[in-house]
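Student: Take a look at structure.pdb, PDB, C-alpha atoms:
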```pdb
MODEL        1
ATOM      1  CA  MET A   1     175.286 166.530  -0.414
ATOM      2  CA  THR A   2     173.349 166.043   2.803
ATOM      3  CA  THR A   3     170.611 163.435   2.897
ATOM      4  CA  ASN A   4     167.247 163.751   4.586
ATOM      5  CA  PRO A   5     168.024 162.194   7.988
ATOM      6  CA  ASP A   6     164.436 162.252   9.251
ATOM      7  CA  GLY A   7     163.042 160.232   6.344
ATOM      8  CA  TYR A   8     161.518 163.210   4.525
ATOM      9  CA  GLY A   9     162.945 161.812   1.272
ATOM     10  CA  ARG A  10     160.710 158.743   1.621
ATOM     11  CA  LEU A  11     157.771 160.895   0.508
ATOM     12  CA  ALA A  12     158.959 160.472  -3.085
ATOM     13  CA  GLY A  13     156.376 158.384  -4.892
ATOM     14  CA  ALA A  14     153.537 159.401  -2.571
ATOM     15  CA  PRO A  15     150.370 160.728  -4.177
ATOM     16  CA  ILE A  16     149.651 164.336  -3.207
ATOM     17  CA  ALA A  17     146.038 163.273  -2.541
ATOM     18  CA  ALA A  18     147.282 160.776   0.074
ATOM     19  CA  LEU A  19     149.112 163.631   1.825
ATOM     20  CA  GLY A  20     145.856 165.605   2.051
ATOM     21  CA  GLY A  21     146.106 167.526  -1.212
ATOM     22  CA  GLU A  22     147.703 170.941  -1.399
ATOM     23  CA  ALA A  23     147.026 171.752   2.258
ATOM     24  CA  GLY A  24     148.506 168.424   3.380
ATOM     25  CA  ALA A  25     151.589 168.780   1.190
ATOM     26  CA  LEU A  26     152.204 172.263   2.593
ATOM     27  CA  ALA A  27     151.703 171.011   6.158
ATOM     28  CA  ARG A  28     154.319 168.298   5.514
ATOM     29  CA  THR A  29     156.816 170.890   4.296
ATOM     30  CA  VAL A  30     156.236 173.064   7.373
ATOM     31  CA  GLU A  31     156.673 170.043   9.678
ATOM     32  CA  ALA A  32     159.900 169.028   7.931
ATOM     33  CA  ALA A  33     161.173 172.619   8.026
ATOM     34  CA  GLU A  34     160.540 172.770  11.768
ATOM     35  CA  ARG A  35     162.441 169.514  12.409
ATOM     36  CA  HIS A  36     165.270 170.713  10.171
ATOM     37  CA  GLY A  37     165.448 174.036  12.022
ATOM     38  CA  ALA A  38     165.529 172.258  15.384
ATOM     39  CA  ALA A  39     168.571 170.361  14.080
ATOM     40  CA  GLY A  40     170.370 173.663  13.505
ATOM     41  CA  GLN A  41     169.817 173.786   9.761
ATOM     42  CA  LEU A  42     168.032 176.535   7.850
ATOM     43  CA  PRO A  43     164.312 175.806   8.354
ATOM     44  CA  PHE A  44     163.002 175.361   4.840
ATOM     45  CA  ALA A  45     161.560 172.286   3.090
ATOM     46  CA  ALA A  46     159.977 171.570  -0.291
ATOM     47  CA  LEU A  47     158.399 168.811  -2.374
ATOM     48  CA  THR A  48     158.295 168.573  -6.165
ATOM     49  CA  ALA A  49     155.282 166.810  -7.680
ATOM     50  CA  ARG A  50     154.101 166.041 -11.175
ATOM     51  CA  ASP A  51     150.851 164.427 -12.209
ATOM     52  CA  GLY A  52     149.814 164.396  -8.552
ATOM     53  CA  VAL A  53     152.803 162.361  -7.315
ATOM     54  CA  VAL A  54     155.823 163.497  -5.306
ATOM     55  CA  ILE A  55     158.905 163.162  -7.525
ATOM     56  CA  GLY A  56     161.462 164.952  -5.347
ATOM     57  CA  THR A  57     162.049 166.295  -1.863
ATOM     58  CA  GLY A  58     164.391 168.899  -0.481
ATOM     59  CA  LEU A  59     165.597 170.429   2.727
ATOM     60  CA  ASN A  60     167.732 173.555   2.779
ATOM     61  CA  THR A  61     171.329 172.296   2.995
ATOM     62  CA  ALA A  62     173.126 175.613   2.500
ATOM     63  CA  LEU A  63     174.789 175.476   5.936
ATOM     64  CA  SER A  64     175.776 171.810   5.943
ATOM     65  CA  ASP A  65     176.927 171.789   2.309
ATOM     66  CA  LEU A  66     178.386 175.312   2.337
ATOM     67  CA  ASP A  67     176.363 175.896  -0.817
ATOM     68  CA  PRO A  68     174.500 179.214  -1.046
ATOM     69  CA  SER A  69     172.255 177.787  -3.771
ATOM     70  CA  ALA A  70     171.112 174.745  -1.757
ATOM     71  CA  HIS A  71     167.692 176.182  -0.942
ATOM     72  CA  SER A  72     164.980 173.594  -0.276
ATOM     73  CA  GLU A  73     163.134 174.281  -3.543
ATOM     74  CA  VAL A  74     166.363 173.943  -5.544
ATOM     75  CA  VAL A  75     167.269 170.740  -3.674
ATOM     76  CA  ALA A  76     163.762 169.321  -4.358
ATOM     77  CA  ILE A  77     164.082 170.206  -8.055
ATOM     78  CA  ARG A  78     167.554 168.603  -8.213
ATOM     79  CA  ASP A  79     166.195 165.480  -6.503
ATOM     80  CA  ALA A  80     163.284 165.252  -8.949
ATOM     81  CA  ALA A  81     165.588 165.676 -11.961
ATOM     82  CA  ARG A  82     167.894 162.925 -10.673
ATOM     83  CA  ARG A  83     165.018 160.547  -9.949
ATOM     84  CA  LEU A  84     163.504 161.145 -13.404
ATOM     85  CA  GLY A  85     166.831 161.200 -15.213
ATOM     86  CA  SER A  86     165.849 164.440 -16.915
ATOM     87  CA  LEU A  87     166.292 168.171 -16.522
ATOM     88  CA  ASP A  88     162.808 168.672 -17.972
ATOM     89  CA  LEU A  89     160.279 168.994 -15.158
ATOM     90  CA  ALA A  90     157.590 170.513 -17.373
ATOM     91  CA  GLY A  91     154.284 170.735 -15.573
ATOM     92  CA  ALA A  92     155.710 170.026 -12.125
ATOM     93  CA  VAL A  93     154.594 171.880  -9.006
ATOM     94  CA  VAL A  94     156.877 172.661  -6.082
ATOM     95  CA  TYR A  95     155.264 172.822  -2.633
ATOM     96  CA  SER A  96     157.362 174.943  -0.286
ATOM     97  CA  SER A  97     157.272 175.726   3.412
ATOM     98  CA  CYS A  98     157.988 179.404   2.696
ATOM     99  CA  GLU A  99     157.634 181.958  -0.071
ATOM    100  CA  PRO A 100     160.423 181.278  -2.578
ATOM    101  CA  CYS A 101     163.285 183.677  -3.166
ATOM    102  CA  ALA A 102     164.501 184.890  -6.549
ATOM    103  CA  ILE A 103     166.994 181.998  -6.866
ATOM    104  CA  CYS A 104     164.291 179.384  -6.321
ATOM    105  CA  ARG A 105     161.861 181.043  -8.722
ATOM    106  CA  THR A 106     164.536 181.219 -11.418
ATOM    107  CA  VAL A 107     165.670 177.593 -11.031
ATOM    108  CA  ALA A 108     162.051 176.411 -11.068
ATOM    109  CA  ALA A 109     161.353 178.283 -14.301
ATOM    110  CA  ALA A 110     164.562 176.964 -15.888
ATOM    111  CA  ALA A 111     163.469 173.393 -15.096
ATOM    112  CA  GLY A 112     159.972 173.909 -16.530
ATOM    113  CA  VAL A 113     158.204 173.878 -13.165
ATOM    114  CA  ARG A 114     154.673 175.243 -13.611
ATOM    115  CA  GLU A 115     154.448 176.921 -10.207
ATOM    116  CA  ILE A 116     155.714 177.047  -6.671
ATOM    117  CA  VAL A 117     152.971 176.887  -4.059
ATOM    118  CA  TYR A 118     154.100 178.132  -0.663
ATOM    119  CA  ALA A 119     152.876 178.081   2.927
ATOM    120  CA  ALA A 120     154.531 180.955   4.855
ATOM    121  CA  ARG A 121     154.674 184.469   3.419
ATOM    122  CA  LYS A 122     158.067 186.188   3.377
ATOM    123  CA  GLU A 123     156.748 188.665   5.958
ATOM    124  CA  LEU A 124     156.787 185.848   8.534
ATOM    125  CA  VAL A 125     160.562 185.360   8.189
ATOM    126  CA  PRO A 126     162.189 187.006  11.232
ATOM    127  CA  LEU A 127     164.748 189.741  10.652
ATOM    128  CA  PRO A 128     167.691 187.665  12.017
ATOM    129  CA  MET A 129     167.046 185.180   9.198
ATOM    130  CA  ASP A 130     166.913 187.829   6.475
ATOM    131  CA  PRO A 131     169.010 190.848   7.397
ATOM    132  CA  THR A 132     168.250 192.521   4.043
ATOM    133  CA  PRO A 133     164.480 192.127   3.565
ATOM    134  CA  ARG A 134     164.268 195.098   1.186
ATOM    135  CA  ALA A 135     166.916 193.625  -1.113
ATOM    136  CA  THR A 136     165.254 190.212  -0.905
ATOM    137  CA  ALA A 137     161.874 191.716  -1.784
ATOM    138  CA  ALA A 138     163.369 193.739  -4.666
ATOM    139  CA  LEU A 139     164.936 190.611  -6.167
ATOM    140  CA  ILE A 140     161.699 188.657  -5.798
ATOM    141  CA  ASP A 141     159.785 191.515  -7.426
ATOM    142  CA  ALA A 142     162.259 191.678 -10.333
ATOM    143  CA  VAL A 143     162.065 187.944 -11.007
ATOM    144  CA  THR A 144     158.284 187.939 -10.580
ATOM    145  CA  ALA A 145     158.007 190.704 -13.191
ATOM    146  CA  LEU A 146     159.800 188.403 -15.637
ATOM    147  CA  LEU A 147     158.045 185.227 -14.457
ATOM    148  CA  PRO A 148     154.520 186.216 -13.438
ATOM    149  CA  GLY A 149     152.573 183.384 -11.899
ATOM    150  CA  ILE A 150     155.609 181.282 -10.990
ATOM    151  CA  ALA A 151     154.708 181.402  -7.276
ATOM    152  CA  ARG A 152     151.490 181.694  -5.310
ATOM    153  CA  PRO A 153     150.351 181.308  -1.723
ATOM    154  CA  GLY A 154     148.849 177.898  -1.112
ATOM    155  CA  THR A 155     145.591 176.881   0.430
ATOM    156  CA  THR A 156     146.236 175.936   4.021
ATOM    157  CA  ASP A 157     144.486 176.188   7.350
ATOM    158  CA  LEU A 158     147.781 176.650   9.211
ATOM    159  CA  THR A 159     147.904 179.750  11.387
ATOM    160  CA  ASP A 160     150.685 182.311  11.165
ATOM    161  CA  GLU A 161     151.872 180.946  14.522
ATOM    162  CA  ARG A 162     152.232 177.457  13.006
ATOM    163  CA  LEU A 163     153.729 178.783   9.755
ATOM    164  CA  SER A 164     156.430 180.655  11.674
ATOM    165  CA  ALA A 165     157.257 177.697  13.971
ATOM    166  CA  PRO A 166     160.187 176.543  11.780
ATOM    167  CA  PHE A 167     161.867 179.941  12.143
ATOM    168  CA  ARG A 168     161.464 179.957  15.928
ATOM    169  CA  SER A 169     162.792 176.399  16.050
ATOM    170  CA  TYR A 170     165.889 177.375  14.086
ATOM    171  CA  LEU A 171     166.554 180.537  16.086
ATOM    172  CA  ARG A 172     166.309 178.552  19.345
ATOM    173  CA  SER A 173     168.767 175.939  18.084
ATOM    174  CA  ALA A 174     171.147 178.600  16.762
ATOM    175  CA  ALA A 175     171.128 180.373  20.139
ATOM    176  CA  ALA A 176     171.876 177.163  22.050
TER     177      ALA A 176
ENDMDL
END
```
As structure tokens, how would this structure be written, given the file I've shared?
Tutor:
Amino acid sequence: MTTNPDGYGRLAGAPIAALGGEAGALARTVEAAERHGAAGQLPFAALTARDGVVIGTGLNTALSDLDPSAHSEVVAIRDAARRLGSLDLAGAVVYSSCEPCAICRTVAAAAGVREIVYAARKELVPLPMDPTPRATAALIDAVTALLPGIARPGTTDLTDERLSAPFRSYLRSAAA
């Protein structure tokens, strides 16, 4: 498993309030996603928090680990479970840089996560990063029908330009 080389993992134990609340937590995930994308990795990042404290962090490691399930939300949930020594994350909230896919929504629900709060809407993901947006949307819709309320857009003052920066960063690094 790949570690968080830029120190993103050190956020574990930080109070969400100290990060600037929901908006600050989402801004941190977008910043981490942009750095991760610039490093040639898929540009997604997430934090898991419970009782207002970060209990896990995750960057998408699908490329480096050759693991199609290593989405940032799943990695953050795995990290939280390891740190707590429990698979039960009841009441936890995942803060994500981007709208979660069906895999992430399902894993979150299985772990007892209350909700995933995300920064960028799926419509901001460029076509080269999701060559099958209709299939992706259909899967999200199917899971959402079974798990209503598992994900919601977060409160943030980040512009669409800023929210899409991680994707541009990744596409630039992939083209280089």
Student: With the cut-off set at 6 Å and counting all atoms listed in the file, tabulate each residue of region 30-52 of chain A with an atom at most that distance from an atom of region 72-89 of chain A, showing the nearest atom pair and its distance in Å to one decimal, ordered by chain and increasing number, as JSON lines.
Tutor:
```
{"residue": "A:Phe44", "atom": "CA", "partner": "A:Ser72", "partner_atom": "CA", "distance": 5.8}
{"residue": "A:Ala45", "atom": "CA", "partner": "A:Ser72", "partner_atom": "CA", "distance": 5.0}
{"residue": "A:Ala46", "atom": "CA", "partner": "A:Glu73", "partner_atom": "CA", "distance": 5.3}
{"residue": "A:Leu47", "atom": "CA", "partner": "A:Ala76", "partner_atom": "CA", "distance": 5.7}
{"residue": "A:Thr48", "atom": "CA", "partner": "A:Ala76", "partner_atom": "CA", "distance": 5.8}
```
Student: Compare A:Arg114, A:Ala49, A:Ala137, A:Leu42 by their minimum atom-to-atom distance to Thr61 (chain A), counting only C-alpha atoms, and give me the closest one.
Tutor: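 Checking each candidate against Thr61 (chain A), we get A:Leu42 as the closest.
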Student: Suppose you want the space between CA of Ile116 (chain A) and CA of Ala151 (chain A); what is it in Å?
Tutor: 4.5 Å
Student: Record the distance separating CA of Ala145 (chain A) and CA of Thr132 (chain A), expressed in Å with one decimal.
Tutor: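 Between these atoms lies a distance of 20.1 Å.
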Student: Using all atoms listed in the file, pick whichever of A:Ala92, A:Val113, A:Ala142, A:Ala102 has the shortest atom-to-atom distance to Ile55 (chain A).
Tutor: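 When distances to Ile55 (chain A) are compared using all atoms listed in the file, the smallest one comes from A:Ala92.
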Student: Using only C-alpha atoms, which residues sit within 8 Å of region 157-165 of chain A once same-chain residues fewer than 6 positions away are excluded, as an MDAnalysis selection string?
Tutor: chainID A and resid 23 27 30 34 97 119:120 124:125
Student: Return as a list in words the set of residues that the PyMOL selection byres ((chain A and resi 154) around 7) yields on the displayed structure.
Tutor: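 With the shown file as input, the PyMOL selection byres ((chain A and resi 154) around 7) matches Val117, Tyr118, Ala119, Arg152, Pro153, Thr155 and Thr156 of chain A.
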Student: My list of candidates is A:Gly24, A:Val94, A:Asn60, A:Val54. Which is closest to Gly37 (chain A) when distances are computed with all atoms listed in the file?
Tutor: A:Asn60
Student: Counting only C-alpha atoms, figure out which residue out of A:Arg50, A:His71, A:Arg172, A:Arg28 gets nearest to Gly13 (chain A).
Tutor: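 The closest residue to Gly13 (chain A) is A:Arg50.
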Student: For Pro68 (chain A), which of A:Ile103, A:Ala12, A:Ala108, A:Met129 is the closest residue, counting all atoms listed in the file?
Tutor: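 Closest to Pro68 (chain A) of all the choices is A:Ile103.
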Student: Is it possible to add all heavy atoms to region 73-84 of chain A and hand it back as a PDB file, keeping the file's coordinate frame?
Tutor:
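Output file result_20.pdb is given in full below:
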```
ATOM      1  N   GLU A  73     163.792 174.438  -2.249  1.00  0.00           N
ATOM      2  CA  GLU A  73     163.134 174.281  -3.543  1.00  0.00           C
ATOM      3  C   GLU A  73     164.127 173.797  -4.599  1.00  0.00           C
ATOM      4  O   GLU A  73     163.806 172.919  -5.406  1.00  0.00           O
ATOM      5  CB  GLU A  73     162.507 175.610  -4.003  1.00  0.00           C
ATOM      6  CG  GLU A  73     161.418 176.127  -3.087  1.00  0.00           C
ATOM      7  CD  GLU A  73     161.937 177.062  -1.993  1.00  0.00           C
ATOM      8  OE1 GLU A  73     163.145 177.026  -1.662  1.00  0.00           O
ATOM      9  OE2 GLU A  73     161.130 177.837  -1.467  1.00  0.00           O
ATOM     10  N   VAL A  74     165.328 174.354  -4.582  1.00  0.00           N
ATOM     11  CA  VAL A  74     166.363 173.943  -5.544  1.00  0.00           C
ATOM     12  C   VAL A  74     166.755 172.497  -5.286  1.00  0.00           C
ATOM     13  O   VAL A  74     166.895 171.706  -6.228  1.00  0.00           O
ATOM     14  CB  VAL A  74     167.584 174.884  -5.466  1.00  0.00           C
ATOM     15  CG1 VAL A  74     168.718 174.382  -6.348  1.00  0.00           C
ATOM     16  CG2 VAL A  74     167.194 176.309  -5.851  1.00  0.00           C
ATOM     17  N   VAL A  75     166.910 172.119  -4.016  1.00  0.00           N
ATOM     18  CA  VAL A  75     167.269 170.740  -3.674  1.00  0.00           C
ATOM     19  C   VAL A  75     166.157 169.780  -4.115  1.00  0.00           C
ATOM     20  O   VAL A  75     166.435 168.703  -4.657  1.00  0.00           O
ATOM     21  CB  VAL A  75     167.576 170.610  -2.164  1.00  0.00           C
ATOM     22  CG1 VAL A  75     167.782 169.154  -1.762  1.00  0.00           C
ATOM     23  CG2 VAL A  75     168.799 171.444  -1.796  1.00  0.00           C
ATOM     24  N   ALA A  76     164.885 170.169  -3.935  1.00  0.00           N
ATOM     25  CA  ALA A  76     163.762 169.321  -4.358  1.00  0.00           C
ATOM     26  C   ALA A  76     163.716 169.192  -5.884  1.00  0.00           C
ATOM     27  O   ALA A  76     163.390 168.115  -6.410  1.00  0.00           O
ATOM     28  CB  ALA A  76     162.443 169.885  -3.828  1.00  0.00           C
ATOM     29  N   ILE A  77     164.039 170.252  -6.585  1.00  0.00           N
ATOM     30  CA  ILE A  77     164.082 170.206  -8.055  1.00  0.00           C
ATOM     31  C   ILE A  77     165.241 169.323  -8.511  1.00  0.00           C
ATOM     32  O   ILE A  77     165.092 168.497  -9.421  1.00  0.00           O
ATOM     33  CB  ILE A  77     164.174 171.637  -8.632  1.00  0.00           C
ATOM     34  CG1 ILE A  77     162.842 172.367  -8.419  1.00  0.00           C
ATOM     35  CG2 ILE A  77     164.572 171.618 -10.113  1.00  0.00           C
ATOM     36  CD1 ILE A  77     162.905 173.870  -8.637  1.00  0.00           C
ATOM     37  N   ARG A  78     166.401 169.465  -7.874  1.00  0.00           N
ATOM     38  CA  ARG A  78     167.554 168.603  -8.213  1.00  0.00           C
ATOM     39  C   ARG A  78     167.211 167.140  -7.978  1.00  0.00           C
ATOM     40  O   ARG A  78     167.539 166.263  -8.795  1.00  0.00           O
ATOM     41  CB  ARG A  78     168.762 168.989  -7.358  1.00  0.00           C
ATOM     42  CG  ARG A  78     169.398 170.297  -7.700  1.00  0.00           C
ATOM     43  CD  ARG A  78     170.512 170.614  -6.700  1.00  0.00           C
ATOM     44  NE  ARG A  78     171.114 171.906  -6.964  1.00  0.00           N
ATOM     45  CZ  ARG A  78     171.830 172.577  -6.086  1.00  0.00           C
ATOM     46  NH1 ARG A  78     172.040 172.089  -4.871  1.00  0.00           N
ATOM     47  NH2 ARG A  78     172.352 173.742  -6.411  1.00  0.00           N
ATOM     48  N   ASP A  79     166.563 166.859  -6.835  1.00  0.00           N
ATOM     49  CA  ASP A  79     166.195 165.480  -6.503  1.00  0.00           C
ATOM     50  C   ASP A  79     165.229 164.916  -7.547  1.00  0.00           C
ATOM     51  O   ASP A  79     165.400 163.781  -8.015  1.00  0.00           O
ATOM     52  CB  ASP A  79     165.576 165.440  -5.099  1.00  0.00           C
ATOM     53  CG  ASP A  79     165.300 164.030  -4.616  1.00  0.00           C
ATOM     54  OD1 ASP A  79     166.180 163.150  -4.776  1.00  0.00           O
ATOM     55  OD2 ASP A  79     164.213 163.801  -4.051  1.00  0.00           O
ATOM     56  N   ALA A  80     164.247 165.708  -7.939  1.00  0.00           N
ATOM     57  CA  ALA A  80     163.284 165.252  -8.949  1.00  0.00           C
ATOM     58  C   ALA A  80     163.979 164.981 -10.282  1.00  0.00           C
ATOM     59  O   ALA A  80     163.715 163.960 -10.931  1.00  0.00           O
ATOM     60  CB  ALA A  80     162.184 166.297  -9.127  1.00  0.00           C
ATOM     61  N   ALA A  81     164.868 165.871 -10.693  1.00  0.00           N
ATOM     62  CA  ALA A  81     165.588 165.676 -11.961  1.00  0.00           C
ATOM     63  C   ALA A  81     166.419 164.393 -11.924  1.00  0.00           C
ATOM     64  O   ALA A  81     166.428 163.630 -12.896  1.00  0.00           O
ATOM     65  CB  ALA A  81     166.473 166.895 -12.249  1.00  0.00           C
ATOM     66  N   ARG A  82     167.099 164.153 -10.804  1.00  0.00           N
ATOM     67  CA  ARG A  82     167.894 162.925 -10.673  1.00  0.00           C
ATOM     68  C   ARG A  82     167.005 161.683 -10.735  1.00  0.00           C
ATOM     69  O   ARG A  82     167.324 160.712 -11.411  1.00  0.00           O
ATOM     70  CB  ARG A  82     168.672 162.922  -9.360  1.00  0.00           C
ATOM     71  CG  ARG A  82     169.956 163.671  -9.416  1.00  0.00           C
ATOM     72  CD  ARG A  82     170.798 163.387  -8.153  1.00  0.00           C
ATOM     73  NE  ARG A  82     171.514 164.588  -7.806  1.00  0.00           N
ATOM     74  CZ  ARG A  82     171.108 165.498  -6.929  1.00  0.00           C
ATOM     75  NH1 ARG A  82     170.006 165.345  -6.251  1.00  0.00           N
ATOM     76  NH2 ARG A  82     171.827 166.566  -6.700  1.00  0.00           N
ATOM     77  N   ARG A  83     165.914 161.722  -9.987  1.00  0.00           N
ATOM     78  CA  ARG A  83     165.018 160.547  -9.949  1.00  0.00           C
ATOM     79  C   ARG A  83     164.415 160.258 -11.323  1.00  0.00           C
ATOM     80  O   ARG A  83     164.224 159.101 -11.684  1.00  0.00           O
ATOM     81  CB  ARG A  83     163.906 160.757  -8.931  1.00  0.00           C
ATOM     82  CG  ARG A  83     164.363 160.698  -7.485  1.00  0.00           C
ATOM     83  CD  ARG A  83     163.203 161.025  -6.543  1.00  0.00           C
ATOM     84  NE  ARG A  83     163.626 161.227  -5.187  1.00  0.00           N
ATOM     85  CZ  ARG A  83     163.691 160.269  -4.252  1.00  0.00           C
ATOM     86  NH1 ARG A  83     163.349 159.045  -4.558  1.00  0.00           N
ATOM     87  NH2 ARG A  83     164.095 160.563  -3.026  1.00  0.00           N
ATOM     88  N   LEU A  84     164.101 161.323 -12.084  1.00  0.00           N
ATOM     89  CA  LEU A  84     163.504 161.145 -13.404  1.00  0.00           C
ATOM     90  C   LEU A  84     164.547 160.950 -14.500  1.00  0.00           C
ATOM     91  O   LEU A  84     164.202 160.566 -15.617  1.00  0.00           O
ATOM     92  CB  LEU A  84     162.624 162.344 -13.755  1.00  0.00           C
ATOM     93  CG  LEU A  84     161.397 162.567 -12.874  1.00  0.00           C
ATOM     94  CD1 LEU A  84     160.642 163.810 -13.332  1.00  0.00           C
ATOM     95  CD2 LEU A  84     160.483 161.348 -12.882  1.00  0.00           C
TER      96      LEU A  84
END
```
